[in-house]
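Enquirer: Got a structure for you, protein-v5.txt, holding compact mmCIF, C-alpha atoms.
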```txt
# COMPACT_ATOMS: atom_id res chain seq x y z
CA MET A 1 112.61 137.83 109.03
CA SER A 2 112.89 136.17 112.42
CA ALA A 3 110.68 135.80 115.47
CA GLU A 4 111.69 135.62 119.10
CA LEU A 5 111.51 132.19 120.71
CA SER A 6 109.11 132.05 123.64
CA GLU A 7 109.99 130.52 127.01
CA ARG A 8 107.90 127.53 125.89
CA LEU A 9 110.10 126.95 122.85
CA LEU A 10 113.29 127.54 124.78
CA ALA A 11 112.14 124.93 127.28
CA TRP A 12 111.37 122.53 124.43
CA GLY A 13 114.87 122.99 123.09
CA GLU A 14 116.47 122.35 126.48
CA GLY A 15 117.84 118.86 126.77
CA GLY A 16 117.70 118.38 123.03
CA GLN A 17 120.55 116.63 121.24
CA TRP A 18 122.17 116.91 117.85
CA MET A 19 123.17 114.54 115.08
CA SER A 20 125.16 115.33 111.95
CA TRP A 21 123.65 113.97 108.75
CA ARG A 22 124.93 114.71 105.26
CA GLY A 23 126.85 117.62 106.72
CA ARG A 24 123.74 119.13 108.36
CA LYS A 25 122.82 119.52 112.01
CA LEU A 26 119.63 117.76 113.08
CA PHE A 27 117.91 118.36 116.40
CA TYR A 28 116.16 115.59 118.32
CA LYS A 29 114.72 114.97 121.76
CA LYS A 30 114.99 111.67 123.59
CA ALA A 31 113.45 110.92 126.98
CA GLY A 32 111.64 108.30 129.00
CA GLN A 33 112.17 104.59 129.32
CA GLY A 34 110.73 101.38 127.98
CA PRO A 35 109.93 100.37 124.37
CA VAL A 36 110.98 102.89 121.74
CA LEU A 37 108.33 105.21 120.29
CA LEU A 38 109.42 107.34 117.35
CA LEU A 39 107.38 110.53 116.85
CA ILE A 40 107.38 111.87 113.29
CA HIS A 41 106.14 115.45 113.09
CA GLY A 42 104.28 117.47 110.50
CA TYR A 43 104.75 120.78 108.74
CA PRO A 44 105.60 123.54 109.64
CA ALA A 45 106.35 123.39 113.37
CA GLY A 46 108.60 120.33 113.69
CA SER A 47 108.88 118.12 116.76
CA TYR A 48 107.06 120.76 118.82
CA ASP A 49 103.93 119.16 117.34
CA TRP A 50 104.24 116.64 120.18
CA HIS A 51 104.78 118.99 123.12
CA ALA A 52 101.34 118.37 124.65
CA ILE A 53 101.81 114.59 125.02
CA TYR A 54 105.59 114.15 124.98
CA LYS A 55 106.17 113.97 128.73
CA SER A 56 103.18 111.70 129.31
CA LEU A 57 104.33 109.28 126.62
CA GLY A 58 107.76 109.26 128.24
CA ARG A 59 106.29 107.55 131.30
CA TYR A 60 105.69 104.45 129.21
CA PHE A 61 108.15 104.66 126.32
CA THR A 62 111.58 105.81 125.30
CA VAL A 63 110.32 108.68 123.18
CA ILE A 64 112.36 110.03 120.27
CA ALA A 65 111.19 113.22 118.54
CA PRO A 66 113.49 114.65 115.84
CA ASP A 67 113.17 117.80 113.75
CA MET A 68 113.43 116.89 110.08
CA LEU A 69 115.72 118.91 107.86
CA GLY A 70 114.04 122.26 107.18
CA HIS A 71 111.94 122.13 110.34
CA GLY A 72 112.13 123.33 113.93
CA PHE A 73 115.67 123.74 115.24
CA SER A 74 117.34 121.63 112.56
CA ASP A 75 119.29 123.18 109.68
CA LYS A 76 117.29 124.70 106.81
CA PRO A 77 119.72 124.86 103.89
CA LEU A 78 118.71 126.36 100.56
CA ASP A 79 120.13 123.32 98.77
CA GLY A 80 118.72 120.72 101.18
CA ASP A 81 117.04 117.49 100.12
CA TYR A 82 113.48 117.78 101.39
CA SER A 83 112.08 114.74 99.61
CA LEU A 84 110.02 112.14 101.45
CA ASN A 85 112.73 109.58 100.78
CA ALA A 86 115.39 111.80 102.37
CA HIS A 87 113.20 112.44 105.42
CA ALA A 88 112.59 108.70 105.79
CA GLN A 89 116.29 107.90 105.48
CA MET A 90 117.11 110.53 108.10
CA HIS A 91 114.84 108.82 110.63
CA ASP A 92 116.47 105.47 109.95
CA VAL A 93 119.94 106.95 110.29
CA LEU A 94 118.90 108.42 113.66
CA LEU A 95 117.51 105.08 114.85
CA GLN A 96 120.71 103.32 113.84
CA TYR A 97 122.83 106.08 115.39
CA LEU A 98 121.02 105.47 118.68
CA GLY A 99 121.43 101.70 118.39
CA ILE A 100 117.69 101.05 118.01
CA THR A 101 116.70 97.88 116.17
CA GLN A 102 112.91 98.05 116.61
CA CYS A 103 110.35 100.71 117.45
CA GLN A 104 106.76 101.78 117.33
CA VAL A 105 105.85 104.90 115.35
CA MET A 106 103.38 107.74 115.72
CA ALA A 107 103.13 110.21 112.85
CA SER A 108 101.21 113.35 111.93
CA ASP A 109 100.72 115.39 108.72
CA LEU A 110 103.96 115.25 106.70
CA GLY A 111 105.07 112.52 109.10
CA VAL A 112 102.30 110.25 107.83
CA SER A 113 103.85 110.23 104.35
CA VAL A 114 107.35 109.82 105.82
CA ALA A 115 106.18 106.79 107.82
CA GLN A 116 104.65 105.31 104.67
CA GLU A 117 107.95 105.83 102.83
CA MET A 118 109.76 104.14 105.74
CA LEU A 119 107.48 101.13 105.29
CA ALA A 120 108.22 101.08 101.57
CA LEU A 121 111.97 101.12 102.29
CA ARG A 122 111.58 98.16 104.64
CA GLN A 123 109.83 96.11 102.02
CA ALA A 124 112.95 96.51 99.90
CA ASN A 125 115.42 96.25 102.81
CA PRO A 126 114.19 94.18 105.78
CA SER A 127 117.45 94.83 107.66
CA LEU A 128 116.32 98.34 108.58
CA PRO A 129 115.10 98.89 112.18
CA ARG A 130 111.79 97.06 112.57
CA MET A 131 108.55 99.02 112.86
CA ASP A 132 106.14 97.05 115.06
CA SER A 133 103.11 99.34 115.30
CA LEU A 134 102.00 102.52 113.57
CA ILE A 135 99.62 105.30 114.62
CA LEU A 136 98.71 107.80 111.93
CA LEU A 137 97.11 111.10 112.87
CA ASN A 138 95.78 113.65 110.39
CA GLY A 139 97.76 113.44 107.18
CA GLY A 140 97.59 112.40 103.55
CA VAL A 141 97.39 108.65 104.06
CA CYS A 142 95.49 108.59 100.75
CA PRO A 143 97.35 111.33 98.84
CA ASP A 144 94.62 111.87 96.25
CA ALA A 145 92.11 112.75 98.98
CA TYR A 146 94.26 115.52 100.49
CA GLN A 147 92.89 119.06 100.12
CA PRO A 148 95.72 121.64 100.33
CA ARG A 149 95.16 125.28 101.24
CA MET A 150 95.54 128.00 98.62
CA ILE A 151 98.89 129.17 99.96
CA GLN A 152 100.22 125.62 99.65
CA ARG A 153 99.26 125.63 95.99
CA LEU A 154 100.84 129.05 95.40
CA MET A 155 104.09 127.89 96.98
CA LEU A 156 104.43 125.32 94.20
CA THR A 157 104.20 127.89 91.43
CA GLN A 158 107.00 130.08 90.13
CA LEU A 159 105.94 132.56 92.81
CA GLY A 160 107.08 130.17 95.56
CA PRO A 161 110.67 131.40 96.03
CA TRP A 162 109.41 134.98 96.07
CA LEU A 163 106.36 134.33 98.25
CA GLY A 164 107.98 132.33 101.07
CA PRO A 165 110.08 135.17 102.50
CA ARG A 166 107.10 137.51 102.15
CA VAL A 167 104.60 135.43 104.10
CA THR A 168 103.46 137.63 106.98
CA GLN A 169 102.60 136.49 110.46
CA SER A 170 98.96 137.32 109.76
CA MET A 171 98.91 135.23 106.56
CA PHE A 172 100.55 132.36 108.38
CA ALA A 173 98.12 132.56 111.31
CA ASN A 174 95.12 132.60 108.99
CA THR A 175 96.28 129.43 107.25
CA ILE A 176 96.98 127.60 110.50
CA SER A 177 93.65 128.72 111.94
CA SER A 178 91.75 127.48 108.88
CA ILE A 179 92.79 123.88 109.51
CA TYR A 180 93.16 123.96 113.29
CA ARG A 181 89.50 123.36 113.91
CA GLY A 182 87.58 123.93 110.73
CA ASP A 183 85.22 126.85 111.16
CA ALA A 184 85.06 126.53 114.96
CA ASP A 185 87.37 127.91 117.67
CA ALA A 186 90.61 129.62 116.70
CA PRO A 187 93.90 128.22 118.02
CA PRO A 188 95.42 129.84 121.10
CA ALA A 189 97.50 132.93 120.33
CA SER A 190 100.46 131.35 122.12
CA LEU A 191 100.40 128.35 119.78
CA LEU A 192 100.24 130.57 116.70
CA GLU A 193 103.20 132.56 118.02
CA ASP A 194 105.24 129.42 118.63
CA PHE A 195 104.43 127.91 115.23
CA TRP A 196 105.37 131.18 113.56
CA ALA A 197 108.65 131.43 115.45
CA LEU A 198 109.59 127.88 114.42
CA PHE A 199 108.59 128.56 110.82
CA CYS A 200 110.90 131.58 110.74
CA TYR A 201 113.75 130.06 112.79
CA GLY A 202 117.00 129.63 110.88
CA GLN A 203 115.71 131.53 107.85
CA GLY A 204 113.01 128.92 107.36
CA GLN A 205 110.89 131.18 105.18
CA ALA A 206 113.55 131.08 102.47
CA VAL A 207 113.01 127.32 102.03
CA ALA A 208 109.27 127.21 102.73
CA HIS A 209 108.42 126.67 99.06
CA ARG A 210 110.63 123.56 98.99
CA VAL A 211 109.97 122.14 102.43
CA GLY A 212 106.20 122.50 102.03
CA ALA A 213 106.11 120.85 98.60
CA PHE A 214 105.82 117.37 100.10
CA TRP A 215 102.05 117.21 99.53
CA HIS A 216 102.58 117.45 95.77
CA GLU A 217 105.38 114.87 95.76
CA ARG A 218 103.28 112.35 97.63
CA LYS A 219 100.53 112.66 95.01
CA ALA A 220 103.08 111.52 92.44
CA LEU A 221 104.07 108.69 94.80
CA SER A 222 100.50 107.78 95.75
CA GLU A 223 100.70 104.17 94.57
CA ARG A 224 103.98 103.57 96.39
CA LEU A 225 102.93 105.20 99.66
CA LEU A 226 99.45 103.71 99.87
CA GLY A 227 100.74 100.35 98.69
CA ALA A 228 103.33 100.32 101.47
CA LEU A 229 100.51 100.32 104.01
CA LEU A 230 98.26 97.92 102.16
CA ASN A 231 101.09 95.42 101.66
CA SER A 232 102.42 95.70 105.20
CA GLN A 233 101.57 93.45 108.12
CA ILE A 234 102.17 96.25 110.63
CA ARG A 235 99.62 96.91 113.37
CA LEU A 236 97.84 100.10 112.30
CA CYS A 237 95.64 102.68 113.99
CA LEU A 238 94.22 105.96 112.70
CA ILE A 239 93.44 108.80 115.11
CA ASN A 240 91.70 111.54 113.20
CA GLY A 241 90.43 115.04 113.90
CA SER A 242 87.26 114.89 111.83
CA ALA A 243 86.88 118.68 111.35
CA ASP A 244 90.21 119.09 109.57
CA PRO A 245 89.47 120.39 106.04
CA ASN A 246 92.83 119.09 104.79
CA SER A 247 92.79 115.50 105.99
CA GLY A 248 89.80 114.96 108.27
CA GLU A 249 86.83 112.62 107.98
CA HIS A 250 87.06 112.52 104.17
CA MET A 251 90.58 111.07 104.48
CA VAL A 252 89.40 108.34 106.84
CA LYS A 253 86.58 107.40 104.50
CA ALA A 254 88.99 107.25 101.56
CA PHE A 255 91.36 104.93 103.43
CA LEU A 256 88.65 102.65 104.78
CA ARG A 257 87.69 101.82 101.22
CA TYR A 258 91.02 99.98 101.05
CA MET A 259 91.27 98.66 104.63
CA PRO A 260 87.75 98.67 106.14
CA SER A 261 88.80 96.81 109.31
CA THR A 262 91.37 99.45 110.34
CA ASP A 263 91.26 100.56 113.97
CA VAL A 264 90.02 104.18 113.82
CA LYS A 265 89.45 106.76 116.55
CA ARG A 266 87.43 109.72 115.26
CA LEU A 267 87.53 112.98 117.21
CA ALA A 268 84.50 115.08 116.33
CA GLY A 269 85.03 118.84 116.23
CA VAL A 270 88.82 118.46 116.28
CA GLY A 271 91.00 119.72 113.46
CA HIS A 272 94.48 119.10 112.08
CA TRP A 273 96.45 118.73 115.35
CA PRO A 274 94.48 116.26 117.52
CA GLN A 275 97.58 115.60 119.66
CA ILE A 276 97.37 119.26 120.73
CA GLN A 277 93.65 119.97 120.51
CA ALA A 278 92.48 116.73 122.14
CA SER A 279 95.69 115.61 123.83
CA GLU A 280 94.07 113.52 126.57
CA HIS A 281 91.95 111.57 124.07
CA VAL A 282 94.95 111.00 121.79
CA LEU A 283 97.13 109.91 124.71
CA LEU A 284 94.53 107.44 125.99
CA LYS A 285 93.87 105.90 122.58
CA SER A 286 97.57 105.74 121.79
CA LEU A 287 98.41 103.93 125.02
CA GLN A 288 95.54 101.50 124.54
CA PHE A 289 96.74 100.64 121.05
CA LEU A 290 100.50 100.63 121.61
CA GLN A 291 100.36 98.57 124.80
CA ALA A 292 97.92 95.98 123.42
CA ARG A 293 99.50 92.75 122.23
```
Would you mind writing the file's structure down as structure tokens?
Expert:
Amino acid sequence: MSAELSERLLAWGEGGQWMSWRGRKLFYKKAGQGPVLLLIHGYPAGSYDWHAIYKSLGRYFTVIAPDMLGHGFSDKPLDGDYSLNAHAQMHDVLLQYLGITQCQVMASDLGVSVAQEMLALRQANPSLPRMDSLILLNGGVCPDAYQPRMIQRLMLTQLGPWLGPRVTQSMFANTISSIYRGDADAPPASLLEDFWALFCYGQGQAVAHRVGAFWHERKALSERLLGALLNSQIRLCLINGSADPNSGEHMVKAFLRYMPSTDVKRLAGVGHWPQIQASEHVLLKSLQFLQAR
């Protein structure tokens, strides 16, 4: 099954660039000027997660927004490595490919776990590009506190390979809507259409059961991922949509038990995509944090 790309998605793809990694094609966007800001997206839409704040951030930073393997416009091979470690390595390869030796990072959803894995890799190999500051939006920063949707659980069962290609647009929209803003307003129809098109692009449904399994892997790696943050000296900020049933206020509370002095911006009534739902608030808080020294 495939879905037609809207003018919005075609515009997002314009000006994008490509990198070959492990024989796969990876899409990324790079724009702006100034210090480097790496944007690490979530599941399932890819780098389009950042479309509402990308241009504004580019006024202050050199912004880099890749699509991880299995997401967005990048390749989605049946035999791809969709582990957190592989995603983290891909970002480092991209940074090195672009000649970047230090950056700041902003991550959402799956990207939160990828950023944590990147920190863990740096503790073992300090020669990797330096991460100076880190903003984490809604994601499983404390893996044990994450609350997956039913379809996410089903994808991990033996039904997963069968179910992925049979997910309908209505099923997909219902799942996205359930975490977009809790029980409040539904997401715009245009956003649901774009997310669906990106989910389907490049036969993405065929690998959905593997690409979306990250939440289960990070539970197994909970000590490593959480420890990477707790043992790091990186400047850290959480921006959180409190109404997100997956990783909202309960996730913040879980993390603050470990690091109670963490800089936190709570967005009441906002769900899983604060950078889209409350873009002006996220942009303001991000600039305040990233530009403070």
Enquirer: When distances are computed from only C-alpha atoms, which of A:Ala120, A:Met106, A:Leu192, A:Ala243 shows the smallest separation from Gly269 of chain A?
Expert: A:Ala243
Enquirer: With a distance cut-off of 9 Å and all atoms listed in the file, select the neighbouring residues of Trp12 of chain A, excluding the residue or stretch itself and same-chain residues fewer than 4 positions from it, and output the selection as a ChimeraX atom specification.
Expert: /A:7-8,16,29,48,51
Enquirer: Could you please determine the separation between atom CA of Ala254 of chain A and atom CA of His209 of chain A in Å, to one decimal place?
Expert: 27.6 Å
Enquirer: In Å to one decimal, how far is atom CA of Leu136 of chain A from atom CA of Ala107 of chain A?
Expert: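 Separation of atom CA of Ala107 of chain A and atom CA of Leu136 of chain A: 5.1 Å.
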Enquirer: Give me, please, the distance in Å between atom CA of Asn85 of chain A and atom CA of Asp109 of chain A, quoted to one decimal.
Expert: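 Between atom CA of Asn85 of chain A and atom CA of Asp109 of chain A the gap is 15.5 Å.
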Enquirer: How would you write as number ranges by chain the residues that get within 10 Å of (107.0, 119.6, 116.3) in the file's frame, counting only C-alpha atoms?
Expert: A: 12, 39-51, 65-68, 71-73, 108, 195, 198
Enquirer: Using the atoms already present, construct N, CA and C atoms for segment 53-77 of chain A and hand them back as a PDB file, in the frame of the given file.
Expert:
```
ATOM      1  N   ILE A  53     101.890 115.986 124.544  1.00  0.00           N
ATOM      2  CA  ILE A  53     101.810 114.590 125.020  1.00  0.00           C
ATOM      3  C   ILE A  53     103.190 113.960 125.219  1.00  0.00           C
ATOM      4  N   TYR A  54     104.241 114.709 124.942  1.00  0.00           N
ATOM      5  CA  TYR A  54     105.590 114.150 124.980  1.00  0.00           C
ATOM      6  C   TYR A  54     105.966 113.606 126.359  1.00  0.00           C
ATOM      7  N   LYS A  55     105.786 114.403 127.383  1.00  0.00           N
ATOM      8  CA  LYS A  55     106.170 113.970 128.730  1.00  0.00           C
ATOM      9  C   LYS A  55     105.331 112.784 129.192  1.00  0.00           C
ATOM     10  N   SER A  56     104.057 112.799 128.895  1.00  0.00           N
ATOM     11  CA  SER A  56     103.180 111.700 129.310  1.00  0.00           C
ATOM     12  C   SER A  56     103.574 110.403 128.610  1.00  0.00           C
ATOM     13  N   LEU A  57     103.892 110.475 127.340  1.00  0.00           N
ATOM     14  CA  LEU A  57     104.330 109.280 126.620  1.00  0.00           C
ATOM     15  C   LEU A  57     105.635 108.746 127.183  1.00  0.00           C
ATOM     16  N   GLY A  58     106.480 109.654 127.687  1.00  0.00           N
ATOM     17  CA  GLY A  58     107.760 109.260 128.240  1.00  0.00           C
ATOM     18  C   GLY A  58     107.658 108.457 129.526  1.00  0.00           C
ATOM     19  N   ARG A  59     106.480 108.407 130.120  1.00  0.00           N
ATOM     20  CA  ARG A  59     106.290 107.550 131.300  1.00  0.00           C
ATOM     21  C   ARG A  59     106.190 106.079 130.925  1.00  0.00           C
ATOM     22  N   TYR A  60     105.925 105.820 129.662  1.00  0.00           N
ATOM     23  CA  TYR A  60     105.690 104.450 129.210  1.00  0.00           C
ATOM     24  C   TYR A  60     106.677 104.005 128.127  1.00  0.00           C
ATOM     25  N   PHE A  61     107.295 104.972 127.453  1.00  0.00           N
ATOM     26  CA  PHE A  61     108.150 104.660 126.320  1.00  0.00           C
ATOM     27  C   PHE A  61     109.436 105.482 126.359  1.00  0.00           C
ATOM     28  N   THR A  62     110.448 104.975 125.657  1.00  0.00           N
ATOM     29  CA  THR A  62     111.580 105.810 125.300  1.00  0.00           C
ATOM     30  C   THR A  62     111.160 106.584 124.066  1.00  0.00           C
ATOM     31  N   VAL A  63     110.912 107.864 124.239  1.00  0.00           N
ATOM     32  CA  VAL A  63     110.320 108.680 123.180  1.00  0.00           C
ATOM     33  C   VAL A  63     111.419 109.444 122.441  1.00  0.00           C
ATOM     34  N   ILE A  64     111.394 109.340 121.117  1.00  0.00           N
ATOM     35  CA  ILE A  64     112.360 110.030 120.270  1.00  0.00           C
ATOM     36  C   ILE A  64     111.590 110.939 119.318  1.00  0.00           C
ATOM     37  N   ALA A  65     111.918 112.236 119.353  1.00  0.00           N
ATOM     38  CA  ALA A  65     111.190 113.220 118.540  1.00  0.00           C
ATOM     39  C   ALA A  65     112.194 114.122 117.825  1.00  0.00           C
ATOM     40  N   PRO A  66     112.548 113.801 116.593  1.00  0.00           N
ATOM     41  CA  PRO A  66     113.490 114.650 115.840  1.00  0.00           C
ATOM     42  C   PRO A  66     112.796 115.768 115.071  1.00  0.00           C
ATOM     43  N   ASP A  67     113.580 116.775 114.719  1.00  0.00           N
ATOM     44  CA  ASP A  67     113.170 117.800 113.750  1.00  0.00           C
ATOM     45  C   ASP A  67     113.766 117.398 112.403  1.00  0.00           C
ATOM     46  N   MET A  68     112.920 117.184 111.413  1.00  0.00           N
ATOM     47  CA  MET A  68     113.430 116.890 110.080  1.00  0.00           C
ATOM     48  C   MET A  68     114.178 118.085 109.519  1.00  0.00           C
ATOM     49  N   LEU A  69     115.023 117.827 108.541  1.00  0.00           N
ATOM     50  CA  LEU A  69     115.720 118.910 107.860  1.00  0.00           C
ATOM     51  C   LEU A  69     114.695 119.920 107.346  1.00  0.00           C
ATOM     52  N   GLY A  70     114.957 121.210 107.610  1.00  0.00           N
ATOM     53  CA  GLY A  70     114.040 122.260 107.180  1.00  0.00           C
ATOM     54  C   GLY A  70     112.956 122.583 108.174  1.00  0.00           C
ATOM     55  N   HIS A  71     112.986 121.948 109.341  1.00  0.00           N
ATOM     56  CA  HIS A  71     111.940 122.130 110.340  1.00  0.00           C
ATOM     57  C   HIS A  71     112.538 122.424 111.718  1.00  0.00           C
ATOM     58  N   GLY A  72     111.764 123.127 112.534  1.00  0.00           N
ATOM     59  CA  GLY A  72     112.130 123.330 113.930  1.00  0.00           C
ATOM     60  C   GLY A  72     113.514 123.926 114.100  1.00  0.00           C
ATOM     61  N   PHE A  73     114.329 123.257 114.930  1.00  0.00           N
ATOM     62  CA  PHE A  73     115.670 123.740 115.240  1.00  0.00           C
ATOM     63  C   PHE A  73     116.736 123.156 114.322  1.00  0.00           C
ATOM     64  N   SER A  74     116.370 122.226 113.473  1.00  0.00           N
ATOM     65  CA  SER A  74     117.340 121.630 112.560  1.00  0.00           C
ATOM     66  C   SER A  74     117.736 122.625 111.459  1.00  0.00           C
ATOM     67  N   ASP A  75     118.827 122.312 110.766  1.00  0.00           N
ATOM     68  CA  ASP A  75     119.290 123.180 109.680  1.00  0.00           C
ATOM     69  C   ASP A  75     118.225 123.285 108.590  1.00  0.00           C
ATOM     70  N   LYS A  76     118.247 124.430 107.886  1.00  0.00           N
ATOM     71  CA  LYS A  76     117.290 124.700 106.810  1.00  0.00           C
ATOM     72  C   LYS A  76     118.041 125.231 105.595  1.00  0.00           C
ATOM     73  N   PRO A  77     118.883 124.396 104.994  1.00  0.00           N
ATOM     74  CA  PRO A  77     119.720 124.860 103.890  1.00  0.00           C
ATOM     75  C   PRO A  77     118.935 125.091 102.605  1.00  0.00           C
TER      76      PRO A  77
END
```
